[in-house]
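Data block for protein19.csv (CSV, C-alpha atoms):
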```
chain,number,residue,atom,x,y,z
A,1,MET,CA,4.6,-6.4,28.6
A,2,THR,CA,3.5,-8.2,25.5
A,3,ARG,CA,0.9,-10.2,27.4
A,4,GLU,CA,-0.4,-7.1,29.2
A,5,ARG,CA,-0.8,-5.3,25.9
A,6,LEU,CA,-2.5,-8.3,24.3
A,7,ALA,CA,-4.9,-8.6,27.3
A,8,GLY,CA,-5.9,-5.0,27.0
A,9,ALA,CA,-6.3,-5.2,23.2
A,10,ALA,CA,-8.3,-8.4,23.5
A,11,ARG,CA,-10.7,-6.9,26.0
A,12,ALA,CA,-11.2,-3.9,23.7
A,13,ALA,CA,-11.7,-6.0,20.6
A,14,LEU,CA,-13.9,-8.7,22.0
A,15,GLY,CA,-15.7,-6.9,24.8
A,16,GLY,CA,-18.5,-8.4,26.8
A,17,GLY,CA,-16.6,-8.6,30.1
A,18,ARG,CA,-14.3,-11.3,28.7
A,19,ARG,CA,-10.9,-11.9,30.3
A,20,LEU,CA,-7.8,-13.2,28.4
A,21,GLU,CA,-7.3,-16.8,29.5
A,22,ALA,CA,-4.3,-17.9,27.3
A,23,VAL,CA,-2.0,-16.7,24.7
A,24,GLU,CA,-0.7,-19.2,22.1
A,25,ARG,CA,2.0,-18.4,19.7
A,26,ILE,CA,1.1,-19.5,16.1
A,27,ALA,CA,4.1,-21.0,14.3
A,28,GLY,CA,5.2,-19.6,10.9
A,29,GLY,CA,5.7,-15.9,11.3
A,30,THR,CA,9.3,-14.6,10.7
A,31,LYS,CA,8.6,-10.9,10.6
A,32,LYS,CA,5.9,-10.4,13.1
A,33,GLY,CA,4.4,-12.1,16.2
A,34,VAL,CA,1.2,-14.1,15.5
A,35,TYR,CA,-0.7,-15.1,18.6
A,36,ARG,CA,-4.0,-16.9,19.2
A,37,LEU,CA,-5.9,-15.2,22.1
A,38,VAL,CA,-8.2,-17.4,24.1
A,39,MET,CA,-10.7,-15.7,26.3
A,40,ASP,CA,-12.3,-17.2,29.5
A,41,ASP,CA,-15.5,-18.0,27.6
A,42,ALA,CA,-13.5,-19.8,24.8
A,43,THR,CA,-13.9,-16.9,22.4
A,44,THR,CA,-10.8,-16.6,20.3
A,45,ALA,CA,-9.1,-14.1,18.0
A,46,VAL,CA,-5.7,-13.7,16.5
A,47,ALA,CA,-3.2,-10.9,17.2
A,48,TYR,CA,-0.5,-9.6,14.8
A,49,LEU,CA,2.3,-7.8,16.5
A,50,TRP,CA,5.0,-5.9,14.6
A,51,ASP,CA,8.0,-5.3,16.8
A,52,ASP,CA,11.7,-5.6,16.5
A,53,ALA,CA,11.6,-8.4,19.1
A,54,GLU,CA,9.2,-10.4,16.9
A,55,ASN,CA,11.3,-10.1,13.7
A,56,TYR,CA,13.8,-12.9,13.1
A,57,TRP,CA,15.4,-11.3,10.0
A,58,PRO,CA,18.8,-9.5,10.5
A,59,ALA,CA,18.5,-5.8,9.7
A,60,ALA,CA,19.8,-4.8,6.3
A,61,GLU,CA,20.2,-1.5,4.5
A,62,GLY,CA,17.0,-0.4,2.8
A,63,ASP,CA,14.7,-2.4,5.0
A,64,ASP,CA,12.6,0.7,5.6
A,65,ASP,CA,12.5,1.9,2.0
A,66,LEU,CA,8.9,1.4,0.9
A,67,THR,CA,9.7,2.6,-2.6
A,68,ASP,CA,11.4,-0.8,-3.1
A,69,PRO,CA,8.6,-3.2,-3.9
A,70,PHE,CA,10.6,-6.0,-2.3
A,71,SER,CA,11.6,-4.3,1.0
A,72,PRO,CA,10.3,-6.2,4.0
A,73,GLY,CA,6.5,-6.1,4.4
A,74,LEU,CA,6.7,-4.8,8.0
A,75,GLY,CA,4.2,-2.8,9.9
A,76,LEU,CA,0.6,-2.0,10.6
A,77,GLU,CA,0.1,0.6,7.8
A,78,LEU,CA,1.2,-1.9,5.1
A,79,PHE,CA,-1.2,-4.4,6.5
A,80,ARG,CA,-4.1,-1.9,6.6
A,81,ALA,CA,-3.5,-0.8,3.0
A,82,ALA,CA,-3.3,-4.4,1.7
A,83,HIS,CA,-6.4,-5.4,3.7
A,84,ALA,CA,-8.4,-2.5,2.3
A,85,ARG,CA,-7.4,-3.3,-1.3
A,86,LEU,CA,-8.2,-7.0,-1.0
A,87,ASP,CA,-11.4,-6.4,0.9
A,88,ALA,CA,-12.6,-3.9,-1.7
A,89,LEU,CA,-11.9,-6.5,-4.4
A,90,GLY,CA,-14.0,-9.1,-2.6
A,91,VAL,CA,-11.0,-11.3,-1.8
A,92,ARG,CA,-11.6,-13.0,1.6
A,93,VAL,CA,-9.2,-11.7,4.3
A,94,PRO,CA,-9.5,-12.0,8.1
A,95,ALA,CA,-11.9,-9.5,9.5
A,96,ILE,CA,-10.3,-6.8,11.6
A,97,ARG,CA,-11.6,-6.6,15.2
A,98,LEU,CA,-9.2,-3.8,16.5
A,99,VAL,CA,-6.3,-1.7,15.5
A,100,ASP,CA,-3.9,-0.5,18.2
A,101,ARG,CA,-1.0,1.7,17.3
A,102,ASP,CA,0.0,3.2,20.7
A,103,GLY,CA,-0.1,0.2,22.9
A,104,ASP,CA,-2.9,1.3,25.3
A,105,GLY,CA,-5.3,-1.3,24.0
A,106,ASP,CA,-8.0,1.3,23.4
A,107,GLY,CA,-7.9,1.0,19.6
A,108,ASP,CA,-6.7,3.2,16.8
A,109,SER,CA,-4.7,6.2,17.9
A,110,ALA,CA,-1.8,8.4,16.9
A,111,HIS,CA,1.6,6.7,16.9
A,112,GLY,CA,3.5,4.0,18.8
A,113,PRO,CA,6.6,1.9,18.9
A,114,ALA,CA,4.9,-1.2,17.5
A,115,GLY,CA,1.7,-2.0,15.6
A,116,LEU,CA,-0.9,-4.4,16.9
A,117,VAL,CA,-4.0,-5.6,15.2
A,118,ILE,CA,-6.6,-8.1,16.3
A,119,VAL,CA,-8.4,-10.1,13.6
A,120,GLU,CA,-10.8,-13.0,13.5
A,121,ASP,CA,-9.5,-16.4,14.3
A,122,LEU,CA,-9.6,-19.1,11.5
A,123,PRO,CA,-8.7,-22.1,13.6
A,124,GLY,CA,-9.0,-24.8,10.9
A,125,GLU,CA,-6.5,-26.0,8.4
A,126,ASN,CA,-4.5,-24.0,6.0
A,127,LEU,CA,-4.5,-25.0,2.3
A,128,GLU,CA,-1.2,-26.7,2.6
A,129,GLU,CA,-2.5,-29.0,5.3
A,130,LEU,CA,-5.7,-29.6,3.5
A,131,LEU,CA,-3.9,-30.6,0.2
A,132,ALA,CA,-1.7,-33.0,2.1
A,133,ARG,CA,-4.7,-34.6,3.9
A,134,ASP,CA,-7.3,-34.8,1.1
A,135,ARG,CA,-6.8,-33.4,-2.4
A,136,ASP,CA,-10.5,-34.0,-3.3
A,137,ALA,CA,-11.7,-31.9,-0.3
A,138,ALA,CA,-9.2,-29.2,-1.4
A,139,ALA,CA,-10.6,-29.0,-4.9
A,140,PRO,CA,-13.4,-26.6,-4.3
A,141,VAL,CA,-11.1,-24.4,-2.2
A,142,MET,CA,-8.6,-24.3,-5.0
A,143,ALA,CA,-11.4,-23.4,-7.4
A,144,ARG,CA,-12.4,-20.5,-5.2
A,145,LEU,CA,-8.8,-19.4,-4.8
A,146,ALA,CA,-8.5,-19.3,-8.6
A,147,GLU,CA,-11.5,-17.0,-8.7
A,148,SER,CA,-9.8,-14.7,-6.2
A,149,LEU,CA,-6.7,-14.7,-8.2
A,150,GLU,CA,-8.7,-13.8,-11.3
A,151,VAL,CA,-10.2,-10.8,-9.5
A,152,MET,CA,-6.7,-9.7,-8.4
A,153,ARG,CA,-5.3,-10.2,-11.9
A,154,GLY,CA,-8.2,-8.1,-13.3
A,155,HIS,CA,-7.6,-5.1,-11.2
A,156,ARG,CA,-5.0,-3.0,-12.9
A,157,ALA,CA,-2.8,-0.1,-11.9
A,158,PRO,CA,-0.7,2.2,-14.1
A,159,ALA,CA,2.3,2.0,-11.6
A,160,TYR,CA,4.0,-0.9,-9.8
A,161,GLY,CA,5.0,-1.1,-6.2
A,162,LYS,CA,3.6,-1.7,-2.7
A,163,VAL,CA,-0.2,-1.1,-2.6
A,164,ALA,CA,0.4,1.3,0.3
A,165,VAL,CA,2.7,3.4,-1.8
A,166,VAL,CA,0.8,3.3,-5.1
A,167,ASP,CA,-2.6,3.8,-3.6
A,168,GLY,CA,-1.1,6.7,-1.6
A,169,GLY,CA,0.1,8.4,-4.8
A,170,GLY,CA,3.7,7.5,-4.4
A,171,THR,CA,6.3,6.3,-6.9
A,172,SER,CA,8.5,3.2,-6.6
A,173,ARG,CA,12.1,3.0,-7.4
A,174,GLY,CA,13.3,1.7,-10.8
A,175,THR,CA,11.8,1.9,-14.2
A,176,SER,CA,10.0,-1.4,-14.6
A,177,CYS,CA,9.2,-4.7,-12.7
A,178,GLU,CA,11.8,-6.6,-14.7
A,179,GLU,CA,14.5,-4.1,-13.8
A,180,VAL,CA,13.6,-4.2,-10.1
A,181,VAL,CA,13.6,-8.0,-10.2
A,182,LEU,CA,17.0,-8.1,-12.0
A,183,ASP,CA,18.6,-5.7,-9.5
A,184,ARG,CA,17.3,-7.8,-6.6
A,185,ALA,CA,18.4,-11.1,-8.2
A,186,LEU,CA,21.9,-9.8,-8.7
A,187,ARG,CA,22.0,-8.8,-5.0
A,188,ASP,CA,20.7,-12.2,-4.0
A,189,LEU,CA,23.3,-13.8,-6.2
A,190,ALA,CA,26.1,-11.9,-4.7
A,191,GLU,CA,24.8,-12.6,-1.2
A,192,ALA,CA,24.4,-16.4,-1.8
A,193,ALA,CA,27.8,-16.5,-3.5
A,194,SER,CA,29.4,-15.0,-0.3
A,195,ARG,CA,27.8,-17.9,1.8
A,196,ASP,CA,28.1,-20.9,-0.5
A,197,PRO,CA,31.1,-21.9,-2.7
A,198,ARG,CA,28.9,-23.7,-5.2
A,199,ILE,CA,27.1,-20.4,-6.0
A,200,ALA,CA,30.4,-18.6,-6.0
A,201,ASP,CA,31.8,-21.0,-8.6
A,202,ALA,CA,28.7,-20.5,-10.8
A,203,ARG,CA,28.3,-16.8,-10.2
A,204,ALA,CA,29.5,-15.5,-13.6
A,205,ARG,CA,27.3,-18.1,-15.4
A,206,LEU,CA,24.3,-17.2,-13.3
A,207,GLU,CA,24.8,-13.5,-13.8
A,208,GLU,CA,25.1,-13.9,-17.6
A,209,ARG,CA,21.9,-16.0,-17.6
A,210,LEU,CA,20.0,-13.3,-15.6
A,211,LEU,CA,21.1,-10.5,-17.9
A,212,GLY,CA,20.1,-12.5,-20.9
A,213,LEU,CA,16.7,-13.3,-19.6
A,214,ALA,CA,16.0,-9.7,-18.6
A,215,ALA,CA,17.1,-8.4,-22.0
A,216,ALA,CA,14.3,-10.6,-23.7
A,217,VAL,CA,11.5,-9.1,-21.6
A,218,ARG,CA,9.3,-6.6,-23.5
A,219,PRO,CA,8.0,-3.4,-21.8
A,220,ARG,CA,4.6,-3.4,-20.0
A,221,ALA,CA,2.6,-0.4,-18.7
A,222,GLU,CA,-0.1,-2.0,-16.5
A,223,TYR,CA,0.2,-4.1,-13.3
A,224,ALA,CA,-2.0,-6.4,-11.4
A,225,VAL,CA,-2.6,-7.0,-7.7
A,226,VAL,CA,-0.3,-9.8,-6.4
A,227,HIS,CA,0.3,-11.2,-2.9
A,228,GLY,CA,4.0,-11.8,-3.6
A,229,GLU,CA,4.4,-14.9,-1.4
A,230,LEU,CA,1.2,-16.8,-2.0
A,231,GLY,CA,2.1,-20.2,-0.8
A,232,PRO,CA,-0.5,-22.6,0.4
A,233,ASP,CA,0.5,-21.9,4.0
A,234,HIS,CA,-0.6,-18.3,3.4
A,235,VAL,CA,-4.2,-19.4,2.6
A,236,ARG,CA,-6.4,-20.4,5.5
A,237,VAL,CA,-9.7,-22.2,5.0
A,238,ASP,CA,-12.7,-20.9,6.8
A,239,ALA,CA,-15.7,-22.9,8.1
A,240,ASP,CA,-17.5,-22.5,4.8
A,241,GLY,CA,-14.6,-23.8,2.8
A,242,ASN,CA,-13.5,-20.4,1.5
A,243,PRO,CA,-9.9,-19.5,1.0
A,244,VAL,CA,-8.8,-16.7,3.3
A,245,VAL,CA,-5.6,-14.9,2.3
A,246,VAL,CA,-3.2,-14.0,5.2
A,247,ASP,CA,0.3,-12.5,5.6
A,248,ILE,CA,-0.7,-9.8,3.2
A,249,GLU,CA,1.7,-7.0,4.1
A,250,GLY,CA,3.8,-7.5,1.0
A,251,LEU,CA,0.8,-6.9,-1.3
A,252,MET,CA,1.8,-5.0,-4.4
A,253,TYR,CA,0.9,-4.0,-7.9
A,254,PHE,CA,3.3,-6.0,-10.1
A,255,ASP,CA,3.6,-8.4,-13.0
A,256,VAL,CA,1.2,-11.3,-12.4
A,257,GLU,CA,3.9,-13.7,-13.6
A,258,TRP,CA,5.7,-13.1,-10.3
A,259,GLU,CA,2.7,-14.5,-8.4
A,260,HIS,CA,2.4,-17.5,-10.7
A,261,VAL,CA,6.1,-18.4,-10.5
A,262,PHE,CA,5.8,-18.5,-6.8
A,263,LEU,CA,2.6,-20.5,-6.9
A,264,ARG,CA,4.2,-23.1,-9.2
A,265,ILE,CA,7.3,-23.4,-6.9
A,266,ARG,CA,5.2,-23.9,-3.8
A,267,LEU,CA,2.4,-26.1,-5.2
A,268,HIS,CA,4.1,-28.3,-7.8
A,269,ASP,CA,1.5,-30.6,-9.4
A,270,ASP,CA,-1.2,-29.0,-7.3
A,271,TYR,CA,-0.8,-25.7,-9.2
A,272,ARG,CA,-2.9,-26.9,-12.2
A,273,PRO,CA,-6.2,-25.6,-11.0
A,274,LEU,CA,-4.7,-22.1,-10.8
A,275,HIS,CA,-3.1,-22.1,-14.2
A,276,VAL,CA,-4.0,-19.3,-16.5
A,277,ASP,CA,-3.3,-18.8,-20.2
A,278,GLY,CA,-1.5,-15.8,-21.7
A,279,LEU,CA,1.3,-15.3,-19.2
A,280,ASP,CA,4.5,-13.8,-20.6
A,281,GLU,CA,7.0,-16.7,-21.0
A,282,ASP,CA,10.0,-14.4,-21.0
A,283,ARG,CA,9.0,-12.9,-17.6
A,284,LEU,CA,8.2,-16.4,-16.3
A,285,ALA,CA,11.8,-17.5,-17.1
A,286,LEU,CA,13.5,-14.5,-15.5
A,287,TYR,CA,11.3,-14.6,-12.5
A,288,LEU,CA,11.8,-18.3,-11.9
A,289,LEU,CA,15.6,-17.9,-11.7
A,290,ALA,CA,15.2,-14.7,-9.6
A,291,GLN,CA,13.0,-16.5,-7.1
A,292,ARG,CA,15.3,-19.5,-6.9
A,293,LEU,CA,18.1,-17.2,-6.0
A,294,SER,CA,15.9,-15.3,-3.5
A,295,LEU,CA,14.9,-18.6,-1.9
A,296,THR,CA,18.5,-19.4,-1.5
A,297,ALA,CA,19.9,-16.1,-0.2
A,298,GLY,CA,16.9,-15.3,2.0
A,299,PRO,CA,17.0,-18.5,4.1
A,300,LEU,CA,20.8,-18.3,4.4
A,301,ARG,CA,20.5,-14.7,5.7
A,302,LEU,CA,17.8,-15.7,8.1
A,303,LEU,CA,20.1,-18.4,9.5
A,304,ASP,CA,22.5,-15.5,10.5
A,305,GLY,CA,20.0,-14.7,13.3
A,306,ASP,CA,18.3,-16.8,15.9
A,307,PHE,CA,15.5,-18.3,13.8
A,308,PRO,CA,14.5,-21.5,15.7
A,309,ASP,CA,13.7,-24.1,13.0
A,310,ARG,CA,17.2,-24.1,11.5
A,311,ALA,CA,17.1,-27.4,9.8
A,312,PHE,CA,13.9,-26.5,7.9
A,313,MET,CA,15.3,-23.2,6.7
A,314,ALA,CA,18.6,-24.8,5.7
A,315,GLY,CA,16.6,-27.3,3.7
A,316,ILE,CA,14.8,-24.6,1.8
A,317,ALA,CA,18.1,-22.9,0.9
A,318,GLU,CA,19.7,-26.2,-0.2
A,319,TYR,CA,16.8,-27.2,-2.4
A,320,ASN,CA,16.6,-23.9,-4.2
A,321,LEU,CA,20.3,-23.5,-4.5
A,322,LYS,CA,20.4,-26.8,-6.6
A,323,GLN,CA,17.4,-25.5,-8.6
A,324,ALA,CA,19.1,-22.3,-9.4
A,325,LEU,CA,22.3,-24.1,-10.5
A,326,ALA,CA,20.2,-26.2,-12.8
A,327,LEU,CA,18.7,-23.1,-14.4
A,328,SER,CA,22.1,-21.7,-15.2
```
Starting from the file, give its structure as structure tokens.
Amino acid sequence: MTRERLAGAARAALGGGRRLEAVERIAGGTKKGVYRLVMDDATTAVAYLWDDAENYWPAAEGDDDLTDPFSPGLGLELFRAAHARLDALGVRVPAIRLVDRDGDGDGDSAHGPAGLVIVEDLPGENLEELLARDRDAAAPVMARLAESLEVMRGHRAPAYGKVAVVDGGGTSRGTSCEEVVLDRALRDLAEAASRDPRIADARARLEERLLGLAAAVRPRAEYAVVHGELGPDHVRVDADGNPVVVDIEGLMYFDVEWEHVFLRIRLHDDYRPLHVDGLDEDRLALYLLAQRLSLTAGPLRLLDGDFPDRAFMAGIAEYNLKQALALS
């Protein structure tokens, strides 16, 4: 059924009498299916498919609560809102070829059981691969990414939350970014403690540290556009050497420090070209411990399901568990 749907959508998106020749799953997606579509004339495109069968994460209470900025970034409408915001800012994102909500392959329509979108294919390297292969070649891409991040940082909103919620006039839960982060970190701490005795033994110490860090954060009333999980694997490189931001469903208005903590974690020494002055050190400290706990609890939760690359995910959990303990 998935192949039939993809074939119909591919014909509608790419036209010209083309026929779908092959479907190749692209590795990396944990919440949606990502497929490269190869037509009989070698034209290609990429399909994103949101469906329960494509989501490796075990269901949890609150998954569908969009007023929680950190609820899973699932679904076509979150993608469309994020795409529209980034495109309006001039941040390079994959061009949309077709949106199909009802599964008939004819394009945008009323409602359906799963969202499908066809976007342009960017078959080259992602930034992670480019950095590993040739840091000098990656330098201009990093410089352009820094420009995109500056544009995102400069666009301010008076409310925080998912772009789809805020741009739609909605309100997110909680009273501040730091409160939302603290609540999530305490939940991640409890969840990690239930799965690993080392976290359980340090739980009281970690909780005290989180509460102390949160108490030091001063109020803020404006928020920037942040991707939320902007690792180098979420940046493709197009044929002209431009960074192209992907996996954008979690886009939100939030503290820019959240973005830069994640970038530092993922890029290590390669983060330097993206460094900006003036970030709030108190927020950075709170968000670093919160993200270490999230990157411990999240992978452990994912391993409850049937995620295929188990050793890789267990390695992420183990590394971040040790980093979290060090921060306590």
What is the distance, in Å and to one decimal place, between atom CA of A:Gly90 and atom CA of A:Thr30?
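Result for atom CA of A:Gly90 versus atom CA of A:Thr30: 27.4 Å, one decimal.
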With all atoms listed in the file as the basis for distance, which of A:Asn126, A:Thr44, A:Ser328, A:Ser172 is at the shortest distance from A:Val245?
A:Asn126
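The interatomic distance for the pair atom CA of A:Glu191 and atom CA of A:Ile316 works out to 15.9 Å.
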Check the smallest atom-to-atom distance from each of A:Glu24, A:Glu129, A:Asp87, A:Glu77 to A:Val117 using all atoms listed in the file, then report the winner.
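Looking at the shortest contact to A:Val117, the residue is A:Glu77.
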I'd like the neighbourhood of A:Met39 as a PDB file with C-alpha atoms, keeping the file's coordinate frame, where a residue qualifies if any of its atoms comes within 7 Å (using all atoms listed in the file), though same-chain residues fewer than 3 positions away should be ignored.
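See out.pdb below for the written result:
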```
ATOM      1  CA  ARG A  18     -14.300 -11.300  28.700  1.00  0.00           C
ATOM      2  CA  ARG A  19     -10.900 -11.900  30.300  1.00  0.00           C
ATOM      3  CA  LEU A  20      -7.800 -13.200  28.400  1.00  0.00           C
ATOM      4  CA  GLU A  21      -7.300 -16.800  29.500  1.00  0.00           C
ATOM      5  CA  ALA A  22      -4.300 -17.900  27.300  1.00  0.00           C
ATOM      6  CA  ALA A  42     -13.500 -19.800  24.800  1.00  0.00           C
ATOM      7  CA  THR A  43     -13.900 -16.900  22.400  1.00  0.00           C
ATOM      8  CA  THR A  44     -10.800 -16.600  20.300  1.00  0.00           C
TER       9      THR A  44
END
```
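Each of A:Val261, A:Leu267, A:Met152, A:Ile26 was checked against A:Leu279 using all atoms listed in the file; the smallest atom-to-atom distance is that of A:Val261.
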For each of A:Gly315, A:Leu76, A:Leu116, A:Val93, take the minimum atom-to-atom distance to A:Arg5, counting all atoms listed in the file, then give the residue where this is smallest.
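Selected residue with least distance to A:Arg5: A:Leu116.
Using all atoms listed in the file, the protein and nucleic acid residues lying no more than 7 Å from stretch 137-142 of chain A, apart from those fewer than 4 places from it along its own chain, are Leu130, Leu131, Ala146, Gly241, Asn242, Pro243 and Pro273 of chain A.
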Take the residues that were just selected and, keeping C-alpha atoms, output them as an mmCIF file, keeping the file's coordinate frame.
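selection_21.cif, freshly written:
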```
data_model
loop_
_atom_site.group_PDB
_atom_site.id
_atom_site.type_symbol
_atom_site.label_atom_id
_atom_site.label_comp_id
_atom_site.auth_asym_id
_atom_site.auth_seq_id
_atom_site.Cartn_x
_atom_site.Cartn_y
_atom_site.Cartn_z
ATOM 1 C CA LEU A 130 -5.700 -29.600 3.500
ATOM 2 C CA LEU A 131 -3.900 -30.600 0.200
ATOM 3 C CA ALA A 146 -8.500 -19.300 -8.600
ATOM 4 C CA GLY A 241 -14.600 -23.800 2.800
ATOM 5 C CA ASN A 242 -13.500 -20.400 1.500
ATOM 6 C CA PRO A 243 -9.900 -19.500 1.000
ATOM 7 C CA PRO A 273 -6.200 -25.600 -11.000
#
```
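Nearest to A:Arg301 of all the residues A:Val165, A:Ala192, A:Phe79, A:Asp52 is A:Ala192, based on only C-alpha atoms.
Atom CA of A:His227 sits 4.6 Å away from atom CA of A:Leu251.
Between A:Arg85 and the residues A:Gly168, A:Gly8, A:Gly33, A:Gly115, the shortest atom-to-atom distance, using all atoms listed in the file, involves A:Gly168.
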As a count of residues only, please: the residues near A:Val181 (cut-off 9 Å, all atoms listed in the file, same-chain neighbours under 2 positions excluded).
13
Could you give me, as a PDB file with C-alpha atoms, in the coordinates of the input, the residues that have an atom at most 8 Å away from the point (10.6, -10.8, -21.0) in the coordinates of the file, using all atoms listed in the file?
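For reference, part-v3.pdb as written:
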```pdb
ATOM      1  CA  GLU A 178      11.800  -6.600 -14.700  1.00  0.00           C
ATOM      2  CA  LEU A 213      16.700 -13.300 -19.600  1.00  0.00           C
ATOM      3  CA  ALA A 214      16.000  -9.700 -18.600  1.00  0.00           C
ATOM      4  CA  ALA A 215      17.100  -8.400 -22.000  1.00  0.00           C
ATOM      5  CA  ALA A 216      14.300 -10.600 -23.700  1.00  0.00           C
ATOM      6  CA  VAL A 217      11.500  -9.100 -21.600  1.00  0.00           C
ATOM      7  CA  ARG A 218       9.300  -6.600 -23.500  1.00  0.00           C
ATOM      8  CA  PRO A 219       8.000  -3.400 -21.800  1.00  0.00           C
ATOM      9  CA  ASP A 280       4.500 -13.800 -20.600  1.00  0.00           C
ATOM     10  CA  GLU A 281       7.000 -16.700 -21.000  1.00  0.00           C
ATOM     11  CA  ASP A 282      10.000 -14.400 -21.000  1.00  0.00           C
ATOM     12  CA  ARG A 283       9.000 -12.900 -17.600  1.00  0.00           C
ATOM     13  CA  LEU A 284       8.200 -16.400 -16.300  1.00  0.00           C
ATOM     14  CA  ALA A 285      11.800 -17.500 -17.100  1.00  0.00           C
ATOM     15  CA  LEU A 286      13.500 -14.500 -15.500  1.00  0.00           C
TER      16      LEU A 286
END
```
Name the residues within 10 Å of (24.8, -16.0, 5.2), counting all atoms listed in the file in the file's coordinates, and put them as a VMD selection string.
chain A and resid 191 to 196 296 to 305
Close residues, A:Glu229 itself excluded, 9 Å, only C-alpha atoms, min 5 positions apart in chain, as number ranges by chain:
A: 234, 247-248, 250-251, 259, 262-263
